[in-house]
$ cat my_file_32.cif   # mmCIF, C-alpha atoms and all ligand atoms
data_structure
#
loop_
_atom_site.label_atom_id
_atom_site.label_comp_id
_atom_site.auth_asym_id
_atom_site.auth_seq_id
_atom_site.Cartn_x
_atom_site.Cartn_y
_atom_site.Cartn_z
CA MET U 1 -67.41 -199.61 109.23
CA ARG U 2 -68.88 -201.68 112.06
CA ILE U 3 -71.76 -200.33 114.06
CA PRO U 4 -70.78 -200.29 117.75
CA LEU U 5 -73.98 -201.10 119.62
CA LEU U 6 -72.44 -202.59 122.76
CA SER U 7 -70.03 -200.81 125.03
CA GLY U 8 -68.56 -202.28 128.24
CA GLY U 9 -71.24 -204.95 128.39
CA ARG U 10 -74.07 -202.42 128.39
CA ALA U 11 -76.25 -201.44 125.50
CA LYS U 12 -75.26 -198.13 124.00
CA ARG U 13 -77.87 -195.94 122.40
CA ALA U 14 -77.12 -195.75 118.68
CA SER U 15 -76.79 -192.24 117.32
CA SER U 16 -76.87 -191.25 113.67
CA ALA U 17 -73.06 -191.03 113.82
CA ASP U 18 -72.98 -194.81 114.32
CA PHE U 19 -74.63 -195.50 110.98
CA PRO U 20 -73.02 -195.30 107.58
CA LEU U 21 -74.33 -192.41 105.49
CA HIS U 22 -76.41 -194.56 103.14
CA ALA U 23 -78.17 -196.17 106.13
CA THR U 24 -79.16 -192.83 107.68
CA ARG U 25 -80.49 -191.71 104.29
CA PHE U 26 -82.61 -194.83 104.12
CA LEU U 27 -83.97 -194.32 107.64
CA ARG U 28 -84.80 -190.66 107.13
CA PHE U 29 -86.17 -190.65 103.60
CA GLN U 30 -88.27 -193.73 103.16
CA PRO U 31 -90.68 -192.68 100.43
CA THR U 32 -94.39 -192.62 101.17
CA PRO U 33 -95.99 -195.63 99.44
CA LYS U 34 -98.11 -194.86 96.39
CA PHE U 35 -101.83 -195.51 96.31
CA ARG U 36 -102.84 -198.08 93.67
CA ASN U 37 -105.97 -196.94 91.86
CA PRO U 38 -108.12 -200.03 91.07
CA LEU U 39 -110.01 -198.09 88.38
CA PRO U 40 -108.83 -197.73 84.76
CA HIS U 41 -109.02 -193.91 84.93
CA PRO U 42 -107.66 -191.28 87.34
CA VAL U 43 -109.98 -189.85 90.01
CA ARG U 44 -109.68 -187.71 93.15
CA VAL U 45 -108.76 -189.96 96.06
CA ALA U 46 -109.53 -189.24 99.72
CA VAL U 47 -107.56 -191.53 102.04
CA VAL U 48 -108.57 -191.76 105.68
CA ARG U 49 -105.62 -191.93 108.08
CA VAL U 50 -103.23 -194.14 106.07
CA LYS U 51 -100.14 -192.28 104.89
CA LEU U 52 -100.11 -192.75 101.11
CA SER U 53 -99.16 -190.58 98.15
CA GLY U 54 -100.46 -190.17 94.63
CA ALA U 55 -101.85 -187.76 92.07
CA ASN U 56 -105.06 -186.00 93.15
CA LEU U 57 -104.80 -187.68 96.55
CA ARG U 58 -105.30 -186.18 99.99
CA VAL U 59 -105.09 -187.82 103.40
CA PHE U 60 -107.77 -186.90 105.96
CA GLN U 61 -108.60 -187.75 109.55
CA PRO U 62 -111.98 -189.43 110.22
CA SER U 63 -113.08 -186.25 112.02
CA GLU U 64 -112.68 -184.23 108.80
CA GLY U 65 -115.87 -185.51 107.17
CA GLU U 66 -116.90 -182.07 105.93
CA ALA U 67 -113.49 -181.49 104.34
CA ILE U 68 -113.79 -184.87 102.61
CA GLN U 69 -117.25 -183.82 101.38
CA SER U 70 -115.81 -180.60 99.90
CA PHE U 71 -113.01 -182.59 98.25
CA ARG U 72 -115.68 -184.61 96.37
CA PRO U 73 -113.67 -187.85 96.10
CA GLY U 74 -114.10 -190.37 93.33
CA ILE U 75 -112.50 -192.94 95.62
CA LEU U 76 -112.66 -193.04 99.40
CA ALA U 77 -110.00 -195.31 100.92
CA GLY U 78 -109.18 -196.48 104.43
CA THR U 79 -109.42 -199.36 106.83
CA LEU U 80 -112.94 -200.51 107.59
CA ALA U 81 -112.62 -199.09 111.12
CA ALA U 82 -111.52 -195.70 109.79
CA LEU U 83 -114.30 -195.58 107.18
CA ARG U 84 -116.87 -196.33 109.90
CA ARG U 85 -115.55 -193.39 111.92
CA VAL U 86 -115.85 -190.73 109.19
CA SER U 87 -117.83 -188.04 110.95
CA VAL U 88 -120.46 -187.20 108.31
CA PRO U 89 -121.88 -189.12 105.32
CA VAL U 90 -119.51 -188.64 102.40
CA PRO U 91 -120.76 -188.95 98.82
CA VAL U 92 -118.35 -191.09 96.79
CA THR U 93 -118.80 -191.25 93.02
CA LYS U 94 -116.75 -194.26 91.87
CA ALA U 95 -115.43 -196.71 94.46
CA VAL U 96 -114.42 -197.46 98.01
CA VAL U 97 -111.02 -199.04 98.68
CA VAL U 98 -110.76 -200.93 101.96
CA PHE U 99 -107.34 -201.70 103.41
CA SER U 100 -106.82 -204.91 105.34
CA ASN U 101 -103.65 -206.61 106.55
CA ALA U 102 -102.03 -209.98 105.99
CA GLN U 103 -103.31 -211.34 109.32
CA PHE U 104 -106.94 -210.56 108.45
CA PRO U 105 -107.38 -210.43 104.69
CA HIS U 106 -110.85 -210.54 103.17
CA ILE U 107 -113.71 -208.27 104.06
CA ALA U 108 -116.64 -210.29 105.40
CA PRO U 109 -119.88 -210.38 103.38
CA ALA U 110 -121.71 -208.42 106.12
CA GLU U 111 -119.02 -205.75 105.95
CA ARG U 112 -119.39 -205.53 102.18
CA ASP U 113 -123.15 -205.13 102.66
CA TRP U 114 -122.54 -202.24 105.07
CA LEU U 115 -120.14 -200.58 102.64
CA TRP U 116 -122.67 -200.88 99.82
CA GLN U 117 -125.48 -199.44 101.93
CA ARG U 118 -123.28 -196.59 103.11
CA PHE U 119 -121.57 -195.60 99.84
CA GLN U 120 -123.50 -197.30 96.98
CA VAL U 121 -120.35 -197.84 94.89
CA PRO U 122 -118.19 -200.93 94.22
CA CYS U 123 -115.72 -201.93 96.91
CA PHE U 124 -112.12 -202.99 96.27
CA GLU U 125 -110.05 -204.61 98.98
CA GLN U 126 -106.29 -204.05 99.17
CA VAL U 127 -104.03 -205.91 101.63
CA LEU U 128 -101.22 -203.66 102.87
CA ASN U 129 -97.99 -204.63 104.64
CA SER U 130 -96.68 -202.69 107.62
CA GLY U 131 -94.85 -200.34 105.24
CA GLY U 132 -98.11 -199.42 103.49
CA GLN U 133 -97.28 -201.30 100.29
CA VAL U 134 -99.93 -203.40 98.57
CA ILE U 135 -99.41 -207.15 99.00
CA ALA U 136 -102.66 -208.21 97.32
CA GLU U 137 -105.52 -206.38 95.63
CA GLU U 138 -108.98 -206.96 94.27
CA CYS U 139 -109.62 -206.28 90.57
CA GLN U 140 -112.83 -205.31 88.81
CA VAL U 141 -113.84 -208.97 88.46
CA HIS U 142 -114.07 -209.17 92.29
CA ALA U 143 -113.01 -212.83 92.41
CA GLY U 144 -110.28 -213.05 95.02
CA LEU U 145 -107.21 -210.90 95.55
CA HIS U 146 -104.36 -210.70 93.03
CA VAL U 147 -101.20 -211.40 95.04
CA LEU U 148 -98.32 -209.05 94.24
CA ARG U 149 -95.97 -210.16 97.07
CA PRO U 150 -96.67 -213.84 97.72
CA GLU U 151 -93.77 -214.13 100.20
CA GLN U 152 -95.67 -211.81 102.57
CA LEU U 153 -99.00 -213.61 102.49
CA SER U 154 -99.86 -217.14 103.51
CA GLY U 155 -102.92 -219.01 102.34
CA MET U 156 -104.03 -221.01 99.35
CA LEU U 157 -103.45 -219.33 96.03
CA CYS U 158 -105.56 -219.92 92.95
CA ILE U 159 -103.46 -220.10 89.80
CA VAL U 160 -106.36 -220.07 87.34
CA GLU U 161 -106.20 -216.94 85.23
CA CYS U 162 -108.62 -214.20 86.23
CA ASP U 163 -111.24 -212.97 83.79
CA CYS U 164 -109.58 -209.53 83.96
CA GLY U 165 -106.57 -210.96 82.10
CA ARG U 166 -104.01 -210.46 84.85
CA THR U 167 -101.83 -213.48 85.52
CA GLU U 168 -100.80 -213.12 89.18
CA PRO U 169 -102.04 -215.93 91.47
CA ARG U 170 -105.11 -214.98 93.48
CA LEU U 171 -105.95 -215.48 97.12
CA LEU U 172 -109.53 -216.68 97.34
CA ALA U 173 -111.82 -215.93 100.28
CA THR U 174 -113.11 -219.50 100.25
CA ALA U 175 -109.59 -220.81 100.93
CA LEU U 176 -109.59 -219.13 104.34
CA ARG U 177 -113.07 -220.02 105.56
ZN ZN U 201 -108.56 -210.04 88.12
#

$ encode --input "my_file_32.cif" --output "structure tokens"
Amino acid sequence: MRIPLLSGGRAKRASSADFPLHATRFLRFQPTPKFRNPLPHPVRVAVVRVKLSGANLRVFQPSEGEAIQSFRPGILAGTLAALRRVSVPVPVTKAVVVFSNAQFPHIAPAERDWLWQRFQVPCFEQVLNSGGQVIAEECQVHAGLHVLRPEQLSGMLCIVECDCGRTEPRLLATALR
């Protein structure tokens, strides 16, 4: 079945009736991307603003600092901007996960310093695509980002094996500076 988008030389607004059934299913029920825990054990995860799913995971707004406090997260995750806007100081027991995007990967050293002063736990960067899926992620060795979807990320990749044992190529901060 062809999708009639043009009618009489003028654009016609597409309705759901124009799409085959499988296409409307895809548009309506795109699953929420899963959060990737960088730690080897499960913990409670508080995500600020980004729509993600996972076990023991809740999504909060930056204004809900007190609710995040009550949730007592092992991991606090969000973009740097969102984490800066969390309304009250939130104790985090295990790690902070900072989301960046393919245009601006790599948290700057000054930003890492701020995160350490604020939360006093290790920081893991994850590069997300526009669908919320992880393109590249930092491991516990903290030596570059393991690239999971190289076709979505440009930059020089290091193909030397990481000390963590994973074999994906890594994007190194030094390659971009
Ligand atoms: Zn590694």

$ residues_near_ligand --input "my_file_32.cif" --ligand "ligand ZN 201 (chain U)" --cutoff "7 Å" --atoms "all atoms listed in the file" --output "PDB file with C-alpha atoms, in the coordinates of the input"
ATOM      1  CA  GLU U 138    -108.980-206.960  94.270  1.00  0.00           C
ATOM      2  CA  CYS U 139    -109.620-206.280  90.570  1.00  0.00           C
ATOM      3  CA  GLN U 140    -112.830-205.310  88.810  1.00  0.00           C
ATOM      4  CA  VAL U 141    -113.840-208.970  88.460  1.00  0.00           C
ATOM      5  CA  HIS U 142    -114.070-209.170  92.290  1.00  0.00           C
ATOM      6  CA  ALA U 143    -113.010-212.830  92.410  1.00  0.00           C
ATOM      7  CA  HIS U 146    -104.360-210.700  93.030  1.00  0.00           C
ATOM      8  CA  CYS U 162    -108.620-214.200  86.230  1.00  0.00           C
ATOM      9  CA  ASP U 163    -111.240-212.970  83.790  1.00  0.00           C
ATOM     10  CA  CYS U 164    -109.580-209.530  83.960  1.00  0.00           C
ATOM     11  CA  GLY U 165    -106.570-210.960  82.100  1.00  0.00           C
ATOM     12  CA  ARG U 166    -104.010-210.460  84.850  1.00  0.00           C
TER      13      ARG U 166
END

$ atom_distance --input "my_file_32.cif" --atom1 "CA of Arg58 (chain U)" --atom2 "CA of Asn101 (chain U)"
21.5 Å

$ residues_around --input "my_file_32.cif" --residues "Val50 (chain U)" --least-positions-apart "2" --cutoff "8 Å" --atoms "all atoms listed in the file" --output "PyMOL selection string"
chain U and resi 47-48+52+59+78+132

$ closest_residue --input "my_file_32.cif" --among "U:Arg72, U:Arg149, U:Arg49, U:His106" --to "Val86 (chain U)" --atoms "all atoms listed in the file"
U:Arg49

$ residues_around --input "my_file_32.cif" --residues "Ser87 (chain U)" --least-positions-apart "4" --cutoff "8 Å" --atoms "all atoms listed in the file" --output "PDB file with C-alpha atoms, keeping the file's coordinate frame"
ATOM      1  CA  PRO U  62    -111.980-189.430 110.220  1.00  0.00           C
ATOM      2  CA  SER U  63    -113.080-186.250 112.020  1.00  0.00           C
ATOM      3  CA  GLU U  64    -112.680-184.230 108.800  1.00  0.00           C
ATOM      4  CA  GLY U  65    -115.870-185.510 107.170  1.00  0.00           C
ATOM      5  CA  GLU U  66    -116.900-182.070 105.930  1.00  0.00           C
TER       6      GLU U  66
END

$ closest_residue --input "my_file_32.cif" --among "U:Gly144, U:Gly131, U:Thr167, U:Phe71" --to "Pro31 (chain U)" --atoms "all atoms listed in the file"
U:Gly131

$ residues_around --input "my_file_32.cif" --residues "Pro91 (chain U)" --least-positions-apart "4" --cutoff "9 Å" --atoms "only C-alpha atoms" --output "list in words"
Ile68, Gln69, Arg72, Pro73, Gly74, Phe119 and Gln120 of chain U

$ atom_distance --input "my_file_32.cif" --atom1 "CA of Ala81 (chain U)" --atom2 "CA of Pro169 (chain U)"
28.0 Å

$ atom_distance --input "my_file_32.cif" --atom1 "CA of Arg112 (chain U)" --atom2 "CA of Ala77 (chain U)"
13.9 Å

$ closest_residue --input "my_file_32.cif" --among "U:Leu171, U:Glu161, U:Ile75, U:Arg85" --to "Leu148 (chain U)" --atoms "all atoms listed in the file"
U:Leu171

$ closest_residue --input "my_file_32.cif" --among "U:Leu83, U:Ala95, U:Leu172, U:Val88" --to "Glu111 (chain U)" --atoms "only C-alpha atoms"
U:Leu83

$ residues_around --input "my_file_32.cif" --residues "Leu57 (chain U)" --least-positions-apart "5" --cutoff "6 Å" --atoms "only C-alpha atoms" --output "list in words"
Arg44, Val45 and Ala46 of chain U

$ closest_residue --input "my_file_32.cif" --among "U:Gln133, U:Val96, U:Ala55, U:Phe60" --to "Trp114 (chain U)" --atoms "all atoms listed in the file"
U:Val96
